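A.B. asks: If it helps, the file is called input-v9.cif and holds mmCIF, C-alpha atoms:
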```cif
data_protein
#
loop_
_atom_site.group_PDB
_atom_site.id
_atom_site.type_symbol
_atom_site.label_atom_id
_atom_site.label_comp_id
_atom_site.auth_asym_id
_atom_site.auth_seq_id
_atom_site.Cartn_x
_atom_site.Cartn_y
_atom_site.Cartn_z
ATOM 1 C CA MET A 258 145.896 77.886 95.625
ATOM 2 C CA THR A 259 146.331 79.612 98.987
ATOM 3 C CA SER A 260 143.653 81.655 100.731
ATOM 4 C CA ASP A 261 145.671 84.768 99.833
ATOM 5 C CA ASP A 262 145.490 83.747 96.175
ATOM 6 C CA TRP A 263 141.752 83.232 96.551
ATOM 7 C CA PHE A 264 141.348 86.646 98.151
ATOM 8 C CA SER A 265 143.135 88.229 95.193
ATOM 9 C CA LEU A 266 140.544 86.709 92.836
ATOM 10 C CA GLY A 267 137.633 88.435 94.569
ATOM 11 C CA ARG A 268 136.408 91.812 95.676
ATOM 12 C CA TYR A 269 134.122 93.460 98.198
ATOM 13 C CA VAL A 270 130.558 94.548 97.581
ATOM 14 C CA GLU A 271 128.785 96.724 100.159
ATOM 15 C CA LEU A 272 125.293 95.673 101.189
ATOM 16 C CA ASP A 273 123.360 97.446 103.947
ATOM 17 C CA GLY A 274 126.592 98.717 105.469
ATOM 18 C CA HIS A 275 128.327 95.333 105.412
ATOM 19 C CA GLN A 276 131.221 94.252 103.217
ATOM 20 C CA ILE A 277 130.524 90.997 101.371
ATOM 21 C CA PHE A 278 133.467 89.192 99.793
ATOM 22 C CA VAL A 279 132.621 87.714 96.400
ATOM 23 C CA VAL A 280 134.465 85.879 93.663
ATOM 24 C CA ASP A 281 132.804 86.541 90.302
ATOM 25 C CA THR A 282 134.543 84.952 87.316
ATOM 26 C CA ASN A 283 133.212 87.739 85.092
ATOM 27 C CA ASP A 284 135.790 89.946 86.832
ATOM 28 C CA TRP A 285 138.705 87.797 85.724
ATOM 29 C CA PRO A 286 140.890 89.147 82.907
ATOM 30 C CA GLY A 287 140.490 87.133 79.733
ATOM 31 C CA ASN A 288 137.202 85.666 80.881
ATOM 32 C CA GLN A 289 134.802 88.509 80.135
ATOM 33 C CA ALA A 290 134.609 88.049 76.356
ATOM 34 C CA LYS A 291 133.499 84.452 76.703
ATOM 35 C CA GLN A 292 131.121 85.086 79.557
ATOM 36 C CA SER A 293 129.535 88.151 77.964
ATOM 37 C CA ALA A 294 128.351 85.840 75.181
ATOM 38 C CA GLU A 295 126.964 83.510 77.844
ATOM 39 C CA LYS A 296 125.700 86.160 80.243
ATOM 40 C CA ASN A 297 122.609 84.145 81.095
ATOM 41 C CA ASN A 298 124.675 81.046 81.841
ATOM 42 C CA THR A 299 125.299 81.747 85.506
ATOM 43 C CA LEU A 300 126.010 79.428 88.424
ATOM 44 C CA CYS A 301 125.636 80.898 91.907
ATOM 45 C CA ILE A 302 127.211 78.847 94.711
ATOM 46 C CA LEU A 303 126.290 78.921 98.402
ATOM 47 C CA HIS A 304 129.006 77.462 100.638
ATOM 48 C CA GLY A 305 128.820 75.483 103.859
ATOM 49 C CA PHE A 306 129.615 75.748 107.584
ATOM 50 C CA PRO A 307 132.032 76.646 109.116
ATOM 51 C CA THR A 308 134.179 77.322 106.075
ATOM 52 C CA SER A 309 133.876 79.796 103.188
ATOM 53 C CA SER A 310 133.922 80.308 99.438
ATOM 54 C CA TYR A 311 137.518 79.074 99.569
ATOM 55 C CA ASP A 312 136.020 75.562 99.538
ATOM 56 C CA TYR A 313 135.755 75.983 95.758
ATOM 57 C CA HIS A 314 139.321 76.957 94.964
ATOM 58 C CA LYS A 315 140.051 73.554 93.389
ATOM 59 C CA VAL A 316 137.053 73.551 91.035
ATOM 60 C CA ILE A 317 136.186 77.112 90.035
ATOM 61 C CA GLU A 318 138.563 77.293 87.074
ATOM 62 C CA THR A 319 136.926 74.238 85.522
ATOM 63 C CA LEU A 320 133.380 75.378 86.257
ATOM 64 C CA CYS A 321 133.980 78.800 84.713
ATOM 65 C CA GLU A 322 134.899 77.258 81.360
ATOM 66 C CA SER A 323 131.181 77.101 80.608
ATOM 67 C CA HIS A 324 129.527 79.285 83.254
ATOM 68 C CA ARG A 325 129.833 82.597 84.933
ATOM 69 C CA VAL A 326 130.469 81.446 88.507
ATOM 70 C CA ILE A 327 129.598 83.586 91.518
ATOM 71 C CA VAL A 328 130.455 82.464 95.036
ATOM 72 C CA HIS A 329 130.458 84.736 98.070
ATOM 73 C CA ASP A 330 131.252 84.444 101.767
ATOM 74 C CA HIS A 331 128.088 84.629 103.838
ATOM 75 C CA LEU A 332 128.077 87.269 106.536
ATOM 76 C CA GLY A 333 130.024 85.828 109.474
ATOM 77 C CA PHE A 334 132.151 83.615 107.235
ATOM 78 C CA GLY A 335 135.477 83.849 105.443
ATOM 79 C CA PHE A 336 136.530 87.300 104.296
ATOM 80 C CA SER A 337 133.095 88.917 104.697
ATOM 81 C CA ASP A 338 132.202 91.124 107.644
ATOM 82 C CA LYS A 339 131.484 89.413 110.957
ATOM 83 C CA PRO A 340 129.322 91.880 112.890
ATOM 84 C CA LEU A 341 128.580 91.177 116.529
ATOM 85 C CA ASP A 342 125.107 92.705 116.346
ATOM 86 C CA TYR A 343 123.530 90.588 113.620
ATOM 87 C CA SER A 344 120.922 87.840 113.606
ATOM 88 C CA TYR A 345 122.780 85.369 111.358
ATOM 89 C CA SER A 346 119.356 84.055 110.427
ATOM 90 C CA LEU A 347 119.261 81.940 107.293
ATOM 91 C CA ILE A 348 116.371 84.153 106.184
ATOM 92 C CA ASP A 349 118.664 87.177 106.322
ATOM 93 C CA GLN A 350 121.509 85.289 104.651
ATOM 94 C CA THR A 351 119.151 84.468 101.782
ATOM 95 C CA THR A 352 118.243 88.128 101.378
ATOM 96 C CA VAL A 353 121.940 89.047 101.339
ATOM 97 C CA ALA A 354 122.586 86.484 98.606
ATOM 98 C CA VAL A 355 119.693 87.658 96.435
ATOM 99 C CA ASN A 356 120.585 91.335 96.833
ATOM 100 C CA LEU A 357 124.201 90.592 95.988
ATOM 101 C CA TRP A 358 123.230 88.722 92.823
ATOM 102 C CA LYS A 359 120.938 91.581 91.789
ATOM 103 C CA LEU A 360 123.773 94.085 92.247
ATOM 104 C CA LEU A 361 125.965 91.891 90.059
ATOM 105 C CA GLY A 362 123.358 91.985 87.312
ATOM 106 C CA VAL A 363 122.102 88.423 87.679
ATOM 107 C CA THR A 364 118.551 87.951 86.418
ATOM 108 C CA SER A 365 118.520 84.158 86.139
ATOM 109 C CA ALA A 366 120.825 81.429 87.389
ATOM 110 C CA GLN A 367 121.334 77.860 88.413
ATOM 111 C CA ILE A 368 121.930 77.665 92.173
ATOM 112 C CA LEU A 369 124.183 75.196 93.982
ATOM 113 C CA GLY A 370 124.140 74.866 97.755
ATOM 114 C CA HIS A 371 126.326 72.733 99.994
ATOM 115 C CA ASP A 372 125.769 72.023 103.714
ATOM 116 C CA TYR A 373 124.650 75.342 105.315
ATOM 117 C CA GLY A 374 124.020 76.666 101.813
ATOM 118 C CA THR A 375 121.291 74.111 101.128
ATOM 119 C CA SER A 376 119.023 75.812 103.679
ATOM 120 C CA ILE A 377 119.453 79.076 101.805
ATOM 121 C CA VAL A 378 118.447 77.179 98.670
ATOM 122 C CA THR A 379 115.271 75.910 100.353
ATOM 123 C CA GLU A 380 114.384 79.456 101.433
ATOM 124 C CA LEU A 381 114.934 80.556 97.831
ATOM 125 C CA LEU A 382 112.560 77.791 96.740
ATOM 126 C CA ALA A 383 109.951 78.956 99.276
ATOM 127 C CA ARG A 384 110.128 82.471 97.841
ATOM 128 C CA ASP A 385 110.047 81.166 94.288
ATOM 129 C CA ASN A 386 106.976 79.045 95.030
ATOM 130 C CA ASN A 387 105.258 82.220 96.275
ATOM 131 C CA SER A 388 106.400 84.249 93.234
ATOM 132 C CA GLU A 389 108.574 86.384 95.519
ATOM 133 C CA SER A 390 111.954 85.730 93.915
ATOM 134 C CA PRO A 391 113.491 88.565 91.851
ATOM 135 C CA ILE A 392 115.902 86.037 90.332
ATOM 136 C CA VAL A 393 114.688 83.373 87.913
ATOM 137 C CA LEU A 394 115.783 80.030 89.343
ATOM 138 C CA GLU A 395 116.554 77.780 86.402
ATOM 139 C CA LYS A 396 117.631 74.731 88.379
ATOM 140 C CA VAL A 397 118.908 73.940 91.873
ATOM 141 C CA LEU A 398 121.726 71.600 92.831
ATOM 142 C CA LEU A 399 121.668 70.270 96.388
ATOM 143 C CA CYS A 400 124.999 68.968 97.628
ATOM 144 C CA ASN A 401 124.847 67.097 100.953
ATOM 145 C CA GLY A 402 123.283 69.437 103.456
ATOM 146 C CA SER A 403 121.251 68.466 106.525
ATOM 147 C CA MET A 404 117.944 69.930 105.407
ATOM 148 C CA HIS A 405 116.233 67.054 107.197
ATOM 149 C CA ILE A 406 117.870 68.095 110.447
ATOM 150 C CA GLU A 407 116.102 65.306 112.343
ATOM 151 C CA MET A 408 118.209 62.803 110.365
ATOM 152 C CA ALA A 409 121.547 64.615 110.711
ATOM 153 C CA ARG A 410 124.338 63.166 112.821
ATOM 154 C CA LEU A 411 125.829 66.339 114.210
ATOM 155 C CA ARG A 412 129.382 66.214 115.545
ATOM 156 C CA ILE A 413 129.895 66.840 119.247
ATOM 157 C CA ILE A 414 131.511 70.203 118.593
ATOM 158 C CA GLN A 415 128.507 71.278 116.492
ATOM 159 C CA LYS A 416 126.166 70.417 119.347
ATOM 160 C CA LEU A 417 128.297 72.292 121.869
ATOM 161 C CA LEU A 418 128.809 75.391 119.729
ATOM 162 C CA ARG A 419 125.107 76.007 119.290
ATOM 163 C CA LEU A 420 124.388 76.102 123.054
ATOM 164 C CA LYS A 421 123.849 79.639 124.351
ATOM 165 C CA ILE A 422 126.044 79.363 127.451
ATOM 166 C CA VAL A 423 128.574 76.705 126.457
ATOM 167 C CA GLY A 424 128.900 77.708 122.799
ATOM 168 C CA PRO A 425 130.846 80.988 123.217
ATOM 169 C CA LEU A 426 133.331 79.262 125.543
ATOM 170 C CA VAL A 427 133.849 76.405 123.074
ATOM 171 C CA ALA A 428 134.374 78.957 120.300
ATOM 172 C CA ARG A 429 137.023 80.830 122.309
ATOM 173 C CA LEU A 430 138.830 77.570 123.060
ATOM 174 C CA SER A 431 138.685 76.313 119.480
ATOM 175 C CA SER A 432 142.023 75.820 117.777
ATOM 176 C CA LYS A 433 143.541 74.907 114.449
ATOM 177 C CA ARG A 434 144.314 71.476 115.866
ATOM 178 C CA VAL A 435 140.654 70.881 116.758
ATOM 179 C CA LEU A 436 139.569 72.117 113.337
ATOM 180 C CA ALA A 437 142.017 69.795 111.592
ATOM 181 C CA ARG A 438 140.823 66.781 113.549
ATOM 182 C CA ASN A 439 137.165 67.483 112.845
ATOM 183 C CA LEU A 440 137.597 68.217 109.149
ATOM 184 C CA ARG A 441 139.740 65.155 108.581
ATOM 185 C CA ASN A 442 137.343 62.926 110.501
ATOM 186 C CA ILE A 443 134.473 63.752 108.127
ATOM 187 C CA GLY A 444 136.392 62.738 105.026
ATOM 188 C CA VAL A 445 136.884 59.188 103.749
ATOM 189 C CA ASP A 446 140.542 59.914 103.128
ATOM 190 C CA SER A 447 141.811 61.475 106.362
ATOM 191 C CA CYS A 448 144.670 63.060 104.400
ATOM 192 C CA TYR A 449 142.444 64.888 101.913
ATOM 193 C CA LEU A 450 143.475 68.209 103.440
ATOM 194 C CA SER A 451 147.139 69.126 103.724
ATOM 195 C CA ASP A 452 148.515 71.030 106.696
ATOM 196 C CA ALA A 453 148.803 74.091 104.442
ATOM 197 C CA GLU A 454 145.122 73.845 103.474
ATOM 198 C CA ILE A 455 144.127 73.554 107.131
ATOM 199 C CA ASP A 456 146.204 76.670 107.809
ATOM 200 C CA ASP A 457 144.323 78.538 105.091
ATOM 201 C CA ILE A 458 140.882 77.396 106.241
ATOM 202 C CA TRP A 459 141.747 78.385 109.806
ATOM 203 C CA LYS A 460 142.977 81.759 108.539
ATOM 204 C CA THR A 461 139.682 82.507 106.777
ATOM 205 C CA MET A 462 137.662 81.434 109.812
ATOM 206 C CA ASN A 463 139.639 83.795 112.035
ATOM 207 C CA PHE A 464 139.591 86.711 109.624
ATOM 208 C CA ASN A 465 137.915 89.731 111.274
ATOM 209 C CA ARG A 466 138.096 87.901 114.623
ATOM 210 C CA GLY A 467 135.710 85.185 113.537
ATOM 211 C CA LYS A 468 135.809 83.319 116.840
ATOM 212 C CA ARG A 469 133.673 86.037 118.403
ATOM 213 C CA ILE A 470 130.616 85.086 116.356
ATOM 214 C CA LEU A 471 131.249 81.373 115.671
ATOM 215 C CA ALA A 472 128.818 80.195 118.344
ATOM 216 C CA LYS A 473 126.107 82.584 117.167
ATOM 217 C CA VAL A 474 126.437 81.410 113.584
ATOM 218 C CA SER A 475 126.330 77.770 114.750
ATOM 219 C CA ARG A 476 122.745 78.150 115.942
ATOM 220 C CA TYR A 477 121.454 77.835 112.374
ATOM 221 C CA THR A 478 120.657 74.170 113.069
ATOM 222 C CA PHE A 479 117.867 75.276 115.416
ATOM 223 C CA GLU A 480 116.425 77.410 112.623
ATOM 224 C CA ARG A 481 116.329 74.324 110.435
ATOM 225 C CA GLN A 482 114.053 72.778 113.062
ATOM 226 C CA GLN A 483 111.919 75.909 113.499
ATOM 227 C CA ARG A 484 111.363 76.420 109.776
ATOM 228 C CA TRP A 485 111.150 72.743 108.846
ATOM 229 C CA ASP A 486 107.609 73.006 107.480
ATOM 230 C CA ARG A 487 108.462 76.023 105.326
ATOM 231 C CA TRP A 488 111.702 74.650 103.901
ATOM 232 C CA ILE A 489 110.889 70.973 103.485
ATOM 233 C CA GLY A 490 107.472 72.070 102.255
ATOM 234 C CA ALA A 491 109.190 74.243 99.636
ATOM 235 C CA LEU A 492 111.205 71.261 98.423
ATOM 236 C CA ARG A 493 108.064 69.167 98.114
ATOM 237 C CA GLU A 494 106.086 71.874 96.312
ATOM 238 C CA SER A 495 108.716 73.087 93.862
ATOM 239 C CA ASP A 496 108.342 72.233 90.181
ATOM 240 C CA LEU A 497 111.927 73.223 89.413
ATOM 241 C CA PRO A 498 114.461 70.627 88.289
ATOM 242 C CA ILE A 499 116.488 69.530 91.319
ATOM 243 C CA GLU A 500 119.813 67.746 91.040
ATOM 244 C CA ILE A 501 120.796 65.941 94.257
ATOM 245 C CA ILE A 502 124.555 65.394 94.471
ATOM 246 C CA TRP A 503 125.422 63.306 97.509
ATOM 247 C CA PRO A 504 128.548 61.600 98.869
ATOM 248 C CA ASP A 505 127.571 58.141 100.028
ATOM 249 C CA SER A 506 130.005 58.323 102.967
ATOM 250 C CA ASP A 507 129.072 61.667 104.504
ATOM 251 C CA PRO A 508 128.963 60.981 108.281
ATOM 252 C CA ILE A 509 126.826 64.098 109.000
ATOM 253 C CA ALA A 510 124.319 64.483 106.165
ATOM 254 C CA ILE A 511 123.936 60.733 105.830
ATOM 255 C CA ALA A 512 123.083 58.946 102.593
ATOM 256 C CA ALA A 513 119.556 58.094 103.757
ATOM 257 C CA MET A 514 118.762 61.816 103.752
ATOM 258 C CA ALA A 515 119.440 62.053 100.021
ATOM 259 C CA THR A 516 117.068 59.176 99.352
ATOM 260 C CA VAL A 517 114.294 60.862 101.349
ATOM 261 C CA ILE A 518 114.770 64.169 99.503
ATOM 262 C CA HIS A 519 114.698 62.381 96.172
ATOM 263 C CA GLN A 520 111.484 60.553 97.083
ATOM 264 C CA GLU A 521 109.651 63.657 98.286
ATOM 265 C CA THR A 522 110.527 65.997 95.390
ATOM 266 C CA LYS A 523 108.658 66.117 92.093
ATOM 267 C CA ASN A 524 111.385 66.668 89.550
ATOM 268 C CA SER A 525 114.650 65.464 91.039
ATOM 269 C CA GLN A 526 117.553 63.286 90.028
ATOM 270 C CA LEU A 527 119.816 61.633 92.610
ATOM 271 C CA HIS A 528 123.526 61.300 91.852
ATOM 272 C CA TRP A 529 125.873 59.441 94.212
ATOM 273 C CA LEU A 530 129.521 60.249 94.813
ATOM 274 C CA LYS A 531 131.046 56.959 95.851
ATOM 275 C CA GLY A 532 133.637 56.835 98.615
ATOM 276 C CA VAL A 533 133.594 60.552 99.430
ATOM 277 C CA GLY A 534 132.957 62.417 102.687
ATOM 278 C CA HIS A 535 131.403 65.708 103.730
ATOM 279 C CA PHE A 536 133.495 68.125 101.621
ATOM 280 C CA PRO A 537 133.520 66.436 98.189
ATOM 281 C CA MET A 538 134.765 69.533 96.339
ATOM 282 C CA LEU A 539 137.895 69.394 98.496
ATOM 283 C CA GLU A 540 138.315 65.631 98.860
ATOM 284 C CA GLN A 541 137.540 64.574 95.284
ATOM 285 C CA PRO A 542 137.452 67.817 93.261
ATOM 286 C CA LYS A 543 137.677 66.227 89.796
ATOM 287 C CA LYS A 544 134.953 63.681 90.521
ATOM 288 C CA TRP A 545 132.701 66.304 92.117
ATOM 289 C CA CYS A 546 133.287 68.851 89.367
ATOM 290 C CA SER A 547 132.574 66.360 86.595
ATOM 291 C CA LEU A 548 129.254 65.418 88.168
ATOM 292 C CA VAL A 549 128.284 69.062 88.707
ATOM 293 C CA GLN A 550 129.057 69.823 85.074
ATOM 294 C CA THR A 551 126.827 66.943 84.003
ATOM 295 C CA CYS A 552 124.015 68.236 86.218
ATOM 296 C CA LEU A 553 124.415 71.736 84.767
ATOM 297 C CA GLY A 554 123.709 70.283 81.354
ATOM 298 C CA GLN A 555 127.138 70.672 79.813
#
```
Could you write out this structure as structure tokens?
C.D. replies:
Amino acid sequence: MTSDDWFSLGRYVELDGHQIFVVDTNDWPGNQAKQSAEKNNTLCILHGFPTSSYDYHKVIETLCESHRVIVHDHLGFGFSDKPLDYSYSLIDQTTVAVNLWKLLGVTSAQILGHDYGTSIVTELLARDNNSESPIVLEKVLLCNGSMHIEMARLRIIQKLLRLKIVGPLVARLSSKRVLARNLRNIGVDSCYLSDAEIDDIWKTMNFNRGKRILAKVSRYTFERQQRWDRWIGALRESDLPIEIIWPDSDPIAIAAMATVIHQETKNSQLHWLKGVGHFPMLEQPKKWCSLVQTCLGQ
């Protein structure tokens, strides 16, 4: 599936003057009858950095056999708006996600976050712990994200992008070739992405002149440090069931991080994906999807 195909599966929803791109499987012809009978069986997905909802193009058709699946592009990512004058705070991104789900009629859901998306999940947990969530969180699935930022092994380009002076220059000089090298280096199989897939990922990143805000978005790792007590505290306090899905060969969100999260949470299960890197839904889609389905209780 190309990024153009993916775009055709979704639509725009306006929130606070911004256009948010969302793929909602309830919109798909032939899918509504089944999902209307399972309207409370919803899976909301929060994608990672620096990619987009397109990360799930290999797995969404399988996941929607049993669930209504909703996955959107965060502001600053993919096909969503990329305003210059915006905070790109993970707090704000969480509010966007919740407001989007409310507009789509979601009252309860299971939430899956990968990479960047896991910090949005932890903010959701913080709100839920304080009885501030308008959405009933049934279960959360955490898929290799550097919530324990002190343990993360950030790539050089990640470290450079988040610097105030150097970051914008690095973003302007970024290229499809650099992207390809970095994405392939964080997989176990360096050929897990074809040239055509790299082209499509690069296309979504550059949509709406994405390079202009790439450095600003990259600073989310500092927010993980600043809000560590709130977000790690939320993980530790939550009574919700937590499914931890972790590739054992992720070079960024290393395996030891999953073990720590499992040990510090009350009601969690740890599931390993053997021989898989940072983007398991792209590198080993069948293996990843099967495990997610198990965790969803199918």
A.B. asks: Counting all atoms listed in the file, which residue out of A:Val393, A:Met408, A:Leu430, A:Leu492 sits closest to A:Ile518?
C.D. replies: A:Leu492
A.B. asks: Provide the atom CA of A:Asp284 to atom CA of A:Val549 distance in Å, to one decimal place.
C.D. replies: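 Computing it gives 22.3 Å between the two atoms.
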A.B. asks: Quick one: everything within 7 Å of A:Met462, counting all atoms listed in the file, minus sequence neighbours fewer than 2 positions away in the same chain. Send it as a PyMOL selection string.
C.D. replies: chain A and resi 308+334-335+458-460+464+467
A.B. asks: List the residues selected by the PyMOL selection byres ((chain A and resi 263-270) around 9) in the file shown, writing them as a list in words.
C.D. replies: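 So the PyMOL selection byres ((chain A and resi 263-270) around 9) ends up selecting Met258, Thr259, Ser260, Asp261, Asp262, Glu271, Leu272, His275, Gln276, Ile277, Phe278, Val279, Val280, Asp281, Thr282, Asp284, Trp285, Ser310, Tyr311, His314, His329, Phe336, Ser337, Leu357 and Leu360 of chain A.
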A.B. asks: Between A:Pro391, A:Pro537, A:Gly554, A:Pro542, which residue has the minimum interatomic distance to A:Ser365, considering only C-alpha atoms?
C.D. replies: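 Counting only C-alpha atoms, the residue closest to A:Ser365 is A:Pro391.
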A.B. asks: Which of these, A:Pro498, A:Pro286, A:Gly532, A:Gly490, has the shortest distance to A:Ala383 once you count only C-alpha atoms?
C.D. replies: A:Gly490
A.B. asks: Which polymer residues have any atom within 10 Å of an atom of A:Glu500, counting all atoms listed in the file, with same-chain residues fewer than 4 positions away left out, as a PyMOL selection string?
C.D. replies: chain A and resi 369+396-400+519+524-528+549+551-553
A.B. asks: Would you work out the distance separating atom CA of A:Lys523 from atom CA of A:Gln482, expressed in Å to one decimal?
C.D. replies: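 Atom CA of A:Lys523 sits 22.7 Å away from atom CA of A:Gln482.
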A.B. asks: Would you fill out stretch 424-440 of chain A with N, CA and C atoms and return it as a PDB file, in the frame of the given file?
C.D. replies:
```
ATOM      1  N   GLY A 424     128.402  77.441 124.139  1.00  0.00           N
ATOM      2  CA  GLY A 424     128.900  77.708 122.799  1.00  0.00           C
ATOM      3  C   GLY A 424     129.997  78.762 122.711  1.00  0.00           C
ATOM      4  N   PRO A 425     129.801  79.962 123.290  1.00  0.00           N
ATOM      5  CA  PRO A 425     130.846  80.988 123.217  1.00  0.00           C
ATOM      6  C   PRO A 425     132.171  80.550 123.840  1.00  0.00           C
ATOM      7  N   LEU A 426     132.112  79.758 124.913  1.00  0.00           N
ATOM      8  CA  LEU A 426     133.331  79.262 125.543  1.00  0.00           C
ATOM      9  C   LEU A 426     134.035  78.276 124.611  1.00  0.00           C
ATOM     10  N   VAL A 427     133.268  77.371 124.010  1.00  0.00           N
ATOM     11  CA  VAL A 427     133.849  76.405 123.074  1.00  0.00           C
ATOM     12  C   VAL A 427     134.490  77.138 121.896  1.00  0.00           C
ATOM     13  N   ALA A 428     133.829  78.186 121.422  1.00  0.00           N
ATOM     14  CA  ALA A 428     134.374  78.957 120.300  1.00  0.00           C
ATOM     15  C   ALA A 428     135.704  79.607 120.673  1.00  0.00           C
ATOM     16  N   ARG A 429     135.775  80.179 121.880  1.00  0.00           N
ATOM     17  CA  ARG A 429     137.023  80.830 122.309  1.00  0.00           C
ATOM     18  C   ARG A 429     138.155  79.827 122.456  1.00  0.00           C
ATOM     19  N   LEU A 430     137.809  78.597 122.845  1.00  0.00           N
ATOM     20  CA  LEU A 430     138.830  77.570 123.060  1.00  0.00           C
ATOM     21  C   LEU A 430     139.168  76.787 121.793  1.00  0.00           C
ATOM     22  N   SER A 431     138.431  77.049 120.722  1.00  0.00           N
ATOM     23  CA  SER A 431     138.685  76.313 119.480  1.00  0.00           C
ATOM     24  C   SER A 431     140.080  76.634 118.966  1.00  0.00           C
ATOM     25  N   SER A 432     140.655  75.680 118.260  1.00  0.00           N
ATOM     26  CA  SER A 432     142.023  75.820 117.777  1.00  0.00           C
ATOM     27  C   SER A 432     142.167  75.190 116.400  1.00  0.00           C
ATOM     28  N   LYS A 433     143.268  75.496 115.758  1.00  0.00           N
ATOM     29  CA  LYS A 433     143.541  74.907 114.449  1.00  0.00           C
ATOM     30  C   LYS A 433     143.648  73.388 114.562  1.00  0.00           C
ATOM     31  N   ARG A 434     144.182  72.915 115.664  1.00  0.00           N
ATOM     32  CA  ARG A 434     144.314  71.476 115.866  1.00  0.00           C
ATOM     33  C   ARG A 434     142.948  70.801 115.932  1.00  0.00           C
ATOM     34  N   VAL A 435     142.010  71.430 116.651  1.00  0.00           N
ATOM     35  CA  VAL A 435     140.654  70.881 116.758  1.00  0.00           C
ATOM     36  C   VAL A 435     139.975  70.903 115.395  1.00  0.00           C
ATOM     37  N   LEU A 436     140.149  72.011 114.672  1.00  0.00           N
ATOM     38  CA  LEU A 436     139.569  72.117 113.337  1.00  0.00           C
ATOM     39  C   LEU A 436     140.090  71.008 112.437  1.00  0.00           C
ATOM     40  N   ALA A 437     141.405  70.813 112.446  1.00  0.00           N
ATOM     41  CA  ALA A 437     142.017  69.795 111.592  1.00  0.00           C
ATOM     42  C   ALA A 437     141.452  68.415 111.893  1.00  0.00           C
ATOM     43  N   ARG A 438     141.337  68.093 113.175  1.00  0.00           N
ATOM     44  CA  ARG A 438     140.823  66.781 113.549  1.00  0.00           C
ATOM     45  C   ARG A 438     139.389  66.586 113.065  1.00  0.00           C
ATOM     46  N   ASN A 439     138.566  67.607 113.241  1.00  0.00           N
ATOM     47  CA  ASN A 439     137.165  67.483 112.845  1.00  0.00           C
ATOM     48  C   ASN A 439     136.987  67.424 111.336  1.00  0.00           C
ATOM     49  N   LEU A 440     137.718  68.242 110.606  1.00  0.00           N
ATOM     50  CA  LEU A 440     137.597  68.217 109.149  1.00  0.00           C
ATOM     51  C   LEU A 440     138.102  66.903 108.573  1.00  0.00           C
TER      52      LEU A 440
END
```
